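A.B. asks: Just one file: work_39.cif, with mmCIF, C-alpha atoms.
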```
data_coords
#
loop_
_atom_site.label_atom_id
_atom_site.label_comp_id
_atom_site.auth_asym_id
_atom_site.auth_seq_id
_atom_site.Cartn_x
_atom_site.Cartn_y
_atom_site.Cartn_z
CA MET A 1 0.00 0.00 0.00
CA ASN A 2 1.17 3.46 -0.87
CA ILE A 3 2.27 5.31 2.26
CA ARG A 4 0.88 8.59 0.87
CA LEU A 5 -2.66 7.28 1.16
CA LEU A 6 -2.35 6.74 4.90
CA PRO A 7 -3.33 10.27 6.08
CA LEU A 8 -6.39 10.22 3.84
CA LEU A 9 -7.38 6.86 5.15
CA LEU A 10 -6.95 7.99 8.74
CA LEU A 11 -9.06 11.08 8.11
CA ALA A 12 -11.83 8.99 6.58
CA ALA A 13 -11.73 6.62 9.55
CA PHE A 14 -11.94 9.58 11.94
CA GLY A 15 -14.91 11.03 10.04
CA ILE A 16 -16.78 7.75 10.17
CA ALA A 17 -16.02 7.45 13.87
CA VAL A 18 -17.41 10.96 14.53
CA ALA A 19 -20.53 10.43 12.44
CA ALA A 20 -21.15 7.05 14.05
CA GLU A 21 -21.31 8.53 17.53
CA LEU A 22 -24.98 9.51 17.77
CA ASN A 23 -24.95 11.81 20.82
CA TYR A 24 -22.33 14.11 19.35
CA PRO A 25 -23.90 17.61 19.61
CA LEU A 26 -23.79 18.76 15.95
CA ASP A 27 -26.57 21.28 16.63
CA ALA A 28 -25.65 22.74 19.98
CA PRO A 29 -28.15 24.82 21.97
CA ALA A 30 -27.63 28.53 21.33
CA PRO A 31 -26.35 30.73 24.18
CA ASP A 32 -29.30 32.22 26.03
CA GLY A 33 -28.60 35.80 25.13
CA ARG A 34 -30.88 38.28 23.45
CA ARG A 35 -33.05 35.57 21.92
CA PRO A 36 -33.25 32.75 24.44
CA GLY A 37 -34.07 29.22 23.34
CA GLY A 38 -33.43 27.31 20.15
CA THR A 39 -30.23 25.89 18.75
CA ILE A 40 -27.48 27.49 16.69
CA SER A 41 -28.87 26.37 13.33
CA GLN A 42 -32.46 27.17 14.18
CA SER A 43 -33.92 30.54 13.27
CA LEU A 44 -36.60 31.73 15.65
CA PRO A 45 -39.28 34.31 14.85
CA ALA A 46 -38.07 37.85 15.57
CA PRO A 47 -39.70 39.65 18.50
CA ALA A 48 -42.30 42.28 17.59
CA ILE A 49 -41.04 45.81 16.99
CA ALA A 50 -41.88 47.90 20.04
CA ASN A 51 -43.50 51.33 19.96
CA GLU A 52 -41.51 54.47 20.51
CA GLU A 53 -42.24 56.08 23.87
CA ASN A 54 -44.18 59.27 23.27
CA LYS A 55 -45.18 60.56 26.71
CA ASP A 56 -43.37 63.91 26.65
CA LEU A 57 -42.17 63.34 30.21
CA LYS A 58 -38.56 64.22 30.90
CA ARG A 59 -36.56 61.25 32.16
CA GLU A 60 -34.03 61.40 34.95
CA ARG A 61 -30.40 61.41 33.85
CA ASN A 62 -28.31 58.66 35.38
CA TYR A 63 -25.30 60.96 35.70
CA PRO A 64 -25.00 64.72 35.25
CA GLU A 65 -23.32 64.59 31.87
CA GLN A 66 -25.64 62.05 30.31
CA PRO A 67 -27.16 63.39 27.08
CA PRO A 68 -30.89 63.53 27.91
CA THR A 69 -32.95 60.89 26.13
CA ILE A 70 -35.72 62.07 23.84
CA PRO A 71 -39.13 61.72 25.54
CA HIS A 72 -41.13 61.71 22.29
CA SER A 73 -41.35 59.93 18.97
CA ILE A 74 -38.92 61.10 16.31
CA SER A 75 -40.00 58.82 13.49
CA SER A 76 -39.32 60.29 10.04
CA TYR A 77 -37.53 63.34 11.44
CA GLN A 78 -35.06 64.47 8.77
CA ILE A 79 -31.56 65.30 10.02
CA ASP A 80 -29.10 65.80 7.17
CA LYS A 81 -27.18 68.57 5.49
CA ASN A 82 -30.41 69.97 4.05
CA GLY A 83 -32.23 70.46 7.30
CA ASN A 84 -32.62 69.44 10.93
CA LYS A 85 -36.16 68.82 12.10
CA CYS A 86 -35.18 68.75 15.79
CA LEU A 87 -33.82 72.28 15.63
CA THR A 88 -37.11 73.69 14.36
CA CYS A 89 -38.29 73.40 17.98
CA HIS A 90 -35.14 73.02 20.08
CA SER A 91 -32.91 75.72 18.57
CA ARG A 92 -32.38 79.03 20.34
CA ALA A 93 -35.07 80.81 18.31
CA GLY A 94 -37.33 77.77 17.97
CA SER A 95 -37.60 77.03 21.67
CA ALA A 96 -39.39 80.30 22.35
CA ARG A 97 -42.01 79.50 19.75
CA SER A 98 -42.48 75.86 20.67
CA GLN A 99 -41.74 76.05 24.42
CA ALA A 100 -39.47 73.03 23.95
CA PRO A 101 -36.24 72.96 25.97
CA MET A 102 -33.44 74.79 24.18
CA ILE A 103 -30.39 72.71 23.35
CA SER A 104 -27.53 73.39 25.75
CA ILE A 105 -25.34 76.44 25.12
CA THR A 106 -22.39 74.08 24.64
CA HIS A 107 -23.97 73.11 21.32
CA TYR A 108 -23.30 76.65 20.12
CA MET A 109 -19.61 76.46 20.94
CA ASP A 110 -16.61 75.17 19.09
CA ARG A 111 -14.26 72.86 20.95
CA ASP A 112 -12.24 75.79 22.29
CA GLY A 113 -15.32 77.17 23.99
CA GLN A 114 -15.77 80.02 21.53
CA ALA A 115 -19.44 80.90 20.95
CA LEU A 116 -20.75 80.42 17.42
CA ALA A 117 -23.68 82.02 15.62
CA ALA A 118 -25.34 78.70 14.83
CA VAL A 119 -25.23 75.14 16.11
CA SER A 120 -21.73 73.78 15.93
CA PRO A 121 -21.29 71.26 13.10
CA ARG A 122 -19.93 68.69 15.54
CA ARG A 123 -23.18 68.91 17.53
CA TYR A 124 -25.50 69.03 14.54
CA PHE A 125 -26.47 65.35 14.30
CA CYS A 126 -28.68 65.11 17.38
CA ASN A 127 -29.16 61.36 17.49
CA GLN A 128 -25.47 60.69 17.73
CA CYS A 129 -25.99 61.33 21.46
CA HIS A 130 -29.72 61.80 22.04
CA VAL A 131 -31.99 58.86 21.38
CA SER A 132 -35.66 58.13 21.79
CA GLN A 133 -36.68 55.10 23.85
CA ASN A 134 -38.84 52.12 23.05
CA GLU A 135 -41.42 50.49 25.27
CA VAL A 136 -39.37 47.39 26.10
CA GLN A 137 -37.73 45.76 29.08
CA PRO A 138 -33.91 45.89 29.11
CA LEU A 139 -32.46 42.82 27.37
CA VAL A 140 -29.66 42.51 29.88
CA GLY A 141 -29.96 43.39 33.56
CA ASN A 142 -27.45 45.64 35.28
CA SER A 143 -26.75 46.77 38.80
CA PHE A 144 -25.83 50.39 38.11
CA GLU A 145 -26.53 52.75 40.98
CA ASN A 146 -26.42 56.46 40.45
CA ILE A 147 -24.47 58.83 42.68
CA ASP A 148 -27.50 59.91 44.68
CA THR A 149 -28.17 56.34 45.70
CA LEU A 150 -24.53 55.86 46.69
CA LEU A 151 -24.55 59.03 48.81
CA GLN A 152 -27.81 58.02 50.37
CA ASN A 153 -26.42 54.58 51.20
CA GLU A 154 -23.37 56.11 52.74
CA ALA A 155 -25.39 58.49 54.88
CA THR A 156 -27.72 55.82 56.18
CA ALA A 157 -25.05 53.14 56.69
CA PRO A 158 -24.14 52.41 60.29
CA ALA A 159 -20.98 54.18 61.37
CA LYS A 160 -17.89 52.06 60.99
CA PRO A 161 -16.20 51.18 64.23
CA MET B 1 -56.51 92.86 -40.54
CA LYS B 2 -59.31 93.95 -42.83
CA SER B 3 -59.53 90.49 -44.45
CA LEU B 4 -59.62 88.86 -41.01
CA LEU B 5 -62.50 91.11 -40.02
CA ALA B 6 -64.30 90.17 -43.23
CA LEU B 7 -63.74 86.48 -42.48
CA LEU B 8 -65.14 86.86 -38.98
CA LYS B 9 -68.13 88.73 -40.40
CA ASP B 10 -68.73 85.84 -42.82
CA TYR B 11 -68.74 83.30 -40.01
CA TRP B 12 -71.00 85.45 -37.90
CA ARG B 13 -73.50 85.60 -40.80
CA ILE B 14 -73.46 81.80 -41.12
CA LEU B 15 -73.98 81.38 -37.40
CA ARG B 16 -76.91 83.81 -37.34
CA ARG B 17 -78.72 82.29 -40.34
CA PRO B 18 -81.26 79.54 -39.62
CA SER B 19 -80.28 76.10 -40.87
CA VAL B 20 -81.58 75.21 -44.34
CA HIS B 21 -80.62 71.53 -44.56
CA TYR B 22 -80.95 70.17 -41.00
CA SER B 23 -84.07 69.97 -38.91
CA LEU B 24 -84.30 71.71 -35.56
CA GLY B 25 -84.73 68.31 -33.87
CA PHE B 26 -81.55 66.96 -35.45
CA LEU B 27 -79.59 70.02 -34.44
CA THR B 28 -80.76 70.07 -30.84
CA LEU B 29 -80.49 66.31 -30.31
CA GLY B 30 -77.23 66.12 -32.22
CA GLY B 31 -75.84 69.01 -30.21
CA PHE B 32 -76.97 67.36 -27.00
CA ILE B 33 -75.33 64.03 -27.82
CA ALA B 34 -72.17 65.67 -29.14
CA GLY B 35 -72.07 67.67 -25.91
CA ILE B 36 -72.29 64.54 -23.79
CA ILE B 37 -69.53 62.85 -25.79
CA PHE B 38 -67.30 65.90 -25.68
CA TRP B 39 -67.84 66.62 -22.02
CA GLY B 40 -67.60 62.98 -20.99
CA GLY B 41 -64.43 62.53 -23.01
CA PHE B 42 -62.93 65.67 -21.55
CA ASN B 43 -63.66 64.66 -17.98
CA THR B 44 -62.46 61.10 -18.56
CA ALA B 45 -59.19 62.37 -19.96
CA LEU B 46 -58.91 64.80 -17.07
CA GLU B 47 -59.49 62.06 -14.52
CA ALA B 48 -56.96 59.83 -16.28
CA THR B 49 -54.29 62.47 -15.73
CA ASN B 50 -55.38 62.68 -12.10
CA THR B 51 -54.12 59.27 -11.03
CA GLU B 52 -50.91 58.12 -9.42
CA GLN B 53 -50.37 55.70 -12.31
CA PHE B 54 -50.25 58.67 -14.67
CA CYS B 55 -47.85 60.63 -12.43
CA ILE B 56 -45.34 57.82 -12.06
CA SER B 57 -45.44 56.95 -15.75
CA CYS B 58 -42.68 59.58 -15.97
CA HIS B 59 -39.34 58.59 -14.50
CA GLU B 60 -38.90 62.06 -12.98
CA MET B 61 -41.73 61.32 -10.56
CA ARG B 62 -41.24 57.57 -10.24
CA ASP B 63 -37.53 57.69 -9.35
CA ASN B 64 -37.49 60.79 -7.16
CA VAL B 65 -40.57 61.87 -5.27
CA TYR B 66 -42.52 58.62 -5.45
CA VAL B 67 -39.66 56.62 -3.93
CA GLU B 68 -39.52 59.06 -1.02
CA LEU B 69 -43.27 58.92 -0.46
CA LYS B 70 -43.10 55.15 -0.08
CA ASP B 71 -41.30 55.46 3.27
CA THR B 72 -43.80 57.80 4.81
CA ILE B 73 -47.03 57.38 6.73
CA HIS B 74 -49.01 58.75 3.80
CA TYR B 75 -48.09 55.67 1.78
CA THR B 76 -47.99 52.86 4.30
CA ASN B 77 -49.46 52.76 7.81
CA ARG B 78 -51.32 50.58 10.27
CA SER B 79 -54.80 51.00 8.80
CA GLY B 80 -53.94 51.00 5.11
CA VAL B 81 -55.57 54.31 4.23
CA ARG B 82 -53.26 56.15 1.87
CA ALA B 83 -52.91 59.32 -0.14
CA THR B 84 -51.99 59.26 -3.81
CA CYS B 85 -50.20 62.08 -5.64
CA PRO B 86 -53.31 64.01 -6.76
CA ASP B 87 -54.86 63.81 -3.29
CA CYS B 88 -52.31 66.35 -2.08
CA HIS B 89 -51.14 68.05 -5.26
CA VAL B 90 -54.39 68.65 -7.16
CA PRO B 91 -57.37 70.52 -5.66
CA HIS B 92 -60.53 68.43 -5.51
CA LYS B 93 -63.04 71.17 -6.40
CA TRP B 94 -63.65 71.40 -10.14
CA THR B 95 -62.79 75.05 -10.80
CA ASP B 96 -59.64 74.90 -8.69
CA LYS B 97 -58.72 71.64 -10.34
CA ILE B 98 -59.00 73.15 -13.84
CA ALA B 99 -56.91 76.12 -12.74
CA ARG B 100 -54.22 73.81 -11.36
CA LYS B 101 -54.33 71.66 -14.51
CA MET B 102 -53.77 74.76 -16.64
CA GLN B 103 -50.77 75.66 -14.50
CA ALA B 104 -49.53 72.12 -14.98
CA SER B 105 -49.05 72.75 -18.69
CA LYS B 106 -45.74 74.23 -17.53
CA GLU B 107 -44.86 70.75 -16.29
CA VAL B 108 -45.50 69.34 -19.78
CA TRP B 109 -43.02 71.92 -21.05
CA GLY B 110 -40.56 70.79 -18.42
CA LYS B 111 -41.05 67.17 -19.42
CA ILE B 112 -40.47 67.90 -23.13
CA PHE B 113 -37.33 69.94 -22.54
CA GLY B 114 -36.01 67.70 -19.74
CA THR B 115 -35.84 70.33 -16.98
CA ILE B 116 -35.46 67.68 -14.25
CA ASN B 117 -34.69 64.58 -16.30
CA THR B 118 -31.66 63.59 -14.22
CA ARG B 119 -31.25 63.19 -10.48
CA ASP B 120 -28.77 66.07 -10.34
CA LYS B 121 -31.08 68.41 -12.22
CA PHE B 122 -33.93 67.40 -9.95
CA LEU B 123 -31.89 68.12 -6.81
CA ALA B 124 -30.82 71.47 -8.25
CA HIS B 125 -34.48 72.41 -8.74
CA ARG B 126 -35.77 70.84 -5.56
CA ARG B 127 -35.89 74.01 -3.45
CA GLU B 128 -37.74 75.90 -6.18
CA LEU B 129 -40.24 73.08 -6.69
CA ALA B 130 -40.81 72.78 -2.94
CA GLU B 131 -41.32 76.49 -2.59
CA HIS B 132 -44.04 76.43 -5.24
CA GLU B 133 -45.92 73.78 -3.27
CA TRP B 134 -45.41 75.57 0.07
CA ALA B 135 -46.70 78.81 -1.46
CA ARG B 136 -49.69 77.06 -3.01
CA LEU B 137 -50.68 75.33 0.26
CA LYS B 138 -50.09 78.48 2.28
CA ALA B 139 -52.31 80.45 -0.11
CA ASN B 140 -55.23 78.00 0.04
CA ASP B 141 -54.89 77.40 3.81
CA SER B 142 -53.58 73.85 3.28
CA LEU B 143 -56.78 72.85 1.54
CA GLU B 144 -55.45 69.54 0.29
CA CYS B 145 -54.37 68.54 3.82
CA ARG B 146 -57.76 69.51 5.15
CA ASN B 147 -59.59 67.40 2.60
CA CYS B 148 -58.77 64.52 4.93
CA HIS B 149 -57.48 66.15 8.13
CA ASN B 150 -60.53 68.17 9.08
CA PHE B 151 -59.89 70.50 12.01
CA GLU B 152 -63.55 70.34 13.10
CA PHE B 153 -63.21 66.64 13.86
CA MET B 154 -59.78 66.63 15.49
CA ASP B 155 -59.90 65.08 18.95
CA PHE B 156 -57.21 66.81 20.98
CA THR B 157 -57.56 64.24 23.74
CA ARG B 158 -56.26 61.63 21.30
CA GLN B 159 -53.26 63.74 20.35
CA GLY B 160 -49.85 63.89 21.97
CA GLN B 161 -49.03 66.69 24.40
CA ARG B 162 -47.05 68.69 21.87
CA ALA B 163 -49.54 68.19 19.05
CA LYS B 164 -52.42 69.25 21.30
CA GLN B 165 -50.52 72.34 22.42
CA MET B 166 -49.82 73.50 18.86
CA HIS B 167 -53.13 72.53 17.26
CA SER B 168 -55.27 74.11 19.96
CA THR B 169 -53.45 77.43 19.76
CA ALA B 170 -51.68 78.30 16.52
CA LEU B 171 -53.82 76.18 14.21
CA ALA B 172 -57.13 76.89 15.95
CA SER B 173 -56.63 80.63 15.81
CA GLY B 174 -55.73 80.49 12.14
CA GLU B 175 -52.37 82.02 12.89
CA ALA B 176 -50.64 79.06 11.27
CA THR B 177 -51.75 76.54 8.69
CA CYS B 178 -50.69 72.90 8.29
CA ILE B 179 -47.81 73.51 5.87
CA ASP B 180 -46.18 76.06 8.20
CA CYS B 181 -45.00 73.26 10.48
CA HIS B 182 -45.52 70.09 8.47
CA LYS B 183 -43.00 70.54 5.69
CA GLY B 184 -41.28 67.52 4.23
CA ILE B 185 -43.76 65.00 5.59
CA ALA B 186 -44.24 63.11 2.33
CA HIS B 187 -41.00 63.89 0.52
CA LYS B 188 -37.44 64.71 1.52
CA LEU B 189 -36.66 68.35 2.19
CA PRO B 190 -34.49 70.56 -0.01
CA ASP B 191 -31.71 72.69 1.46
CA MET B 192 -33.68 74.57 4.14
CA SER B 193 -31.23 77.39 4.79
CA GLY B 194 -33.16 80.64 5.01
CA VAL B 195 -36.61 79.07 5.35
CA PRO B 196 -38.36 80.75 8.31
CA GLY B 197 -38.41 78.46 11.33
CA TRP B 198 -35.62 76.21 10.04
#
```
As structure tokens, please, write out the structure in this file.

C.D. replies:
Amino acid sequence: MNIRLLPLLLLAAFGIAVAAELNYPLDAPAPDGRRPGGTISQSLPAPAIANEENKDLKRERNYPEQPPTIPHSISSYQIDKNGNKCLTCHSRAGSARSQAPMISITHYMDRDGQALAAVSPRRYFCNQCHVSQNEVQPLVGNSFENIDTLLQNEATAPAKP
Amino acid sequence: MKSLLALLKDYWRILRRPSVHYSLGFLTLGGFIAGIIFWGGFNTALEATNTEQFCISCHEMRDNVYVELKDTIHYTNRSGVRATCPDCHVPHKWTDKIARKMQASKEVWGKIFGTINTRDKFLAHRRELAEHEWARLKANDSLECRNCHNFEFMDFTRQGQRAKQMHSTALASGEATCIDCHKGIAHKLPDMSGVPGW
């Protein structure tokens, strides 16, 4: 027998051995992440698309510098070089007319803190930082506690000996 | 000029003279039937130009504005009620419709000479085209919006906080009309620099 055929033969034998073992998990269960259940090769129906929250109630910021989330629907708002729908209400002039909160003064500054006549180009695309929220439960839990809670805990904790 | 006057005089004489060859019955009935055919044909042709199919038979409309409409709530939504091109761009009342159709002969000119026959040309004209529509809707108090969105039957309690606030003040008092705030709801906006409020 030709010696060069030996690796091929061994490979074939290994393949047969693997296929013959029936409980080998070819289709492993998928990790229970964002879509729990099912196996890796299975495709499950996608969850329904949730509605955008549209209650117009300001949400608490988790830390002082957090960009505030948008408390209303912004579907089909156009933000591009032609126009910015958000600024029709939230710009300096627009907020008086609409009574919407004016965007922070920092949005009218360049990065050296110099005031500009109009919204700074680097702040122009609102939803780079500000996003609306959907009516869903968080996919992944977290144990974040904001600074007020930490201070409160500290104040109420029994004094250390 | 003199010969033209003579020609007109000739025709006037023929018109004034009673018919010699045709009976009164034939003339009245014939006129009646011809009238029906003419008027029916005219209105049918007019209605045929008043459909979305007709609008998007030109690539200028099909590849630019129609594509943009397809993403919006006026094309697809939860209940399946939709607006077609003429619902918003052609007045529904007959006299206004005829006036708008006569204006639209300019659009035939534009089609023949290819004013917006490429994407670039269309984008270059977009602000001008948009301004025509804004001016038209401002002048008729957003009539085409109100054909469906009737202020009398708006239930503020079913509207969002911000919508209620605006509709019950600015719109109710007539200080603003639909198009003042709702620009670019069915198509993409042109360069808005210099437009009041933008």

A.B. asks: Written as a PyMOL selection string, which residues does the PyMOL selection byres ((chain A) within 6 of (chain B)) give for the file shown?

C.D. replies: chain A and resi 82-83+88

A.B. asks: As an exercise, work out the distance from atom CA of Gly94 of chain A to atom CA of Arg59 of chain A in Å and give it to one decimal place.

C.D. replies: 21.8 Å

A.B. asks: Evaluating the PyMOL selection byres ((chain A and resi 119-123) around 7) on the displayed file yields which residues, as a list in words?

C.D. replies: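 Given this file, the PyMOL selection byres ((chain A and resi 119-123) around 7) evaluates to His107, Tyr108, Met109, Asp110, Leu116, Ala118, Tyr124, Phe125 and Cys126 of chain A.
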
A.B. asks: If you count only C-alpha atoms, which residues fall within 12 Å of Pro67 of chain A, apart from same-chain ones fewer than 3 positions away, as a PDB file with C-alpha atoms, in the frame of the given file?

C.D. replies:
```
ATOM      1  CA  ARG A  59     -36.560  61.250  32.160  1.00  0.00           C
ATOM      2  CA  GLU A  60     -34.030  61.400  34.950  1.00  0.00           C
ATOM      3  CA  ARG A  61     -30.400  61.410  33.850  1.00  0.00           C
ATOM      4  CA  ASN A  62     -28.310  58.660  35.380  1.00  0.00           C
ATOM      5  CA  TYR A  63     -25.300  60.960  35.700  1.00  0.00           C
ATOM      6  CA  PRO A  64     -25.000  64.720  35.250  1.00  0.00           C
ATOM      7  CA  ILE A  70     -35.720  62.070  23.840  1.00  0.00           C
ATOM      8  CA  ILE A 103     -30.390  72.710  23.350  1.00  0.00           C
ATOM      9  CA  SER A 104     -27.530  73.390  25.750  1.00  0.00           C
ATOM     10  CA  THR A 106     -22.390  74.080  24.640  1.00  0.00           C
ATOM     11  CA  HIS A 107     -23.970  73.110  21.320  1.00  0.00           C
ATOM     12  CA  ARG A 123     -23.180  68.910  17.530  1.00  0.00           C
ATOM     13  CA  CYS A 126     -28.680  65.110  17.380  1.00  0.00           C
ATOM     14  CA  ASN A 127     -29.160  61.360  17.490  1.00  0.00           C
ATOM     15  CA  GLN A 128     -25.470  60.690  17.730  1.00  0.00           C
ATOM     16  CA  CYS A 129     -25.990  61.330  21.460  1.00  0.00           C
ATOM     17  CA  HIS A 130     -29.720  61.800  22.040  1.00  0.00           C
ATOM     18  CA  VAL A 131     -31.990  58.860  21.380  1.00  0.00           C
ATOM     19  CA  SER A 132     -35.660  58.130  21.790  1.00  0.00           C
TER      20      SER A 132
END
```

A.B. asks: Tell me, as a short mmCIF file (atom, residue, chain, number, x, y, z; two decimals) with C-alpha atoms, in the coordinates of the input, which residues lie within 10 Å of His187 of chain B, counting all atoms listed in the file; anything in the same chain fewer than 6 positions away does not count.

C.D. replies:
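Result written to out.cif:
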```
data_model
loop_
_atom_site.label_atom_id
_atom_site.label_comp_id
_atom_site.auth_asym_id
_atom_site.auth_seq_id
_atom_site.Cartn_x
_atom_site.Cartn_y
_atom_site.Cartn_z
CA ASN B 64 -37.49 60.79 -7.16
CA VAL B 65 -40.57 61.87 -5.27
CA TYR B 66 -42.52 58.62 -5.45
CA VAL B 67 -39.66 56.62 -3.93
CA GLU B 68 -39.52 59.06 -1.02
CA LEU B 69 -43.27 58.92 -0.46
CA LYS B 70 -43.10 55.15 -0.08
CA ASP B 71 -41.30 55.46 3.27
CA THR B 72 -43.80 57.80 4.81
CA ALA B 130 -40.81 72.78 -2.94
#
```

A.B. asks: Under the PyMOL selection byres ((chain B and resi 39-47) around 12), which residues of this model are included? Write them out as a PyMOL selection string.

C.D. replies: chain B and resi 31-38+48-55+86+90+92+94+97-98+100-102

A.B. asks: May I ask for the distance between atom CA of Asp10 of chain B and atom CA of Thr28 of chain B, given in Å to one decimal place?

C.D. replies: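 Spanning atom CA of Asp10 of chain B to atom CA of Thr28 of chain B is a straight-line distance of 23.2 Å.
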
A.B. asks: Report, in Å to a single decimal, how far apart atom CA of Cys178 of chain B and atom CA of Lys138 of chain B are.

C.D. replies: 8.2 Å
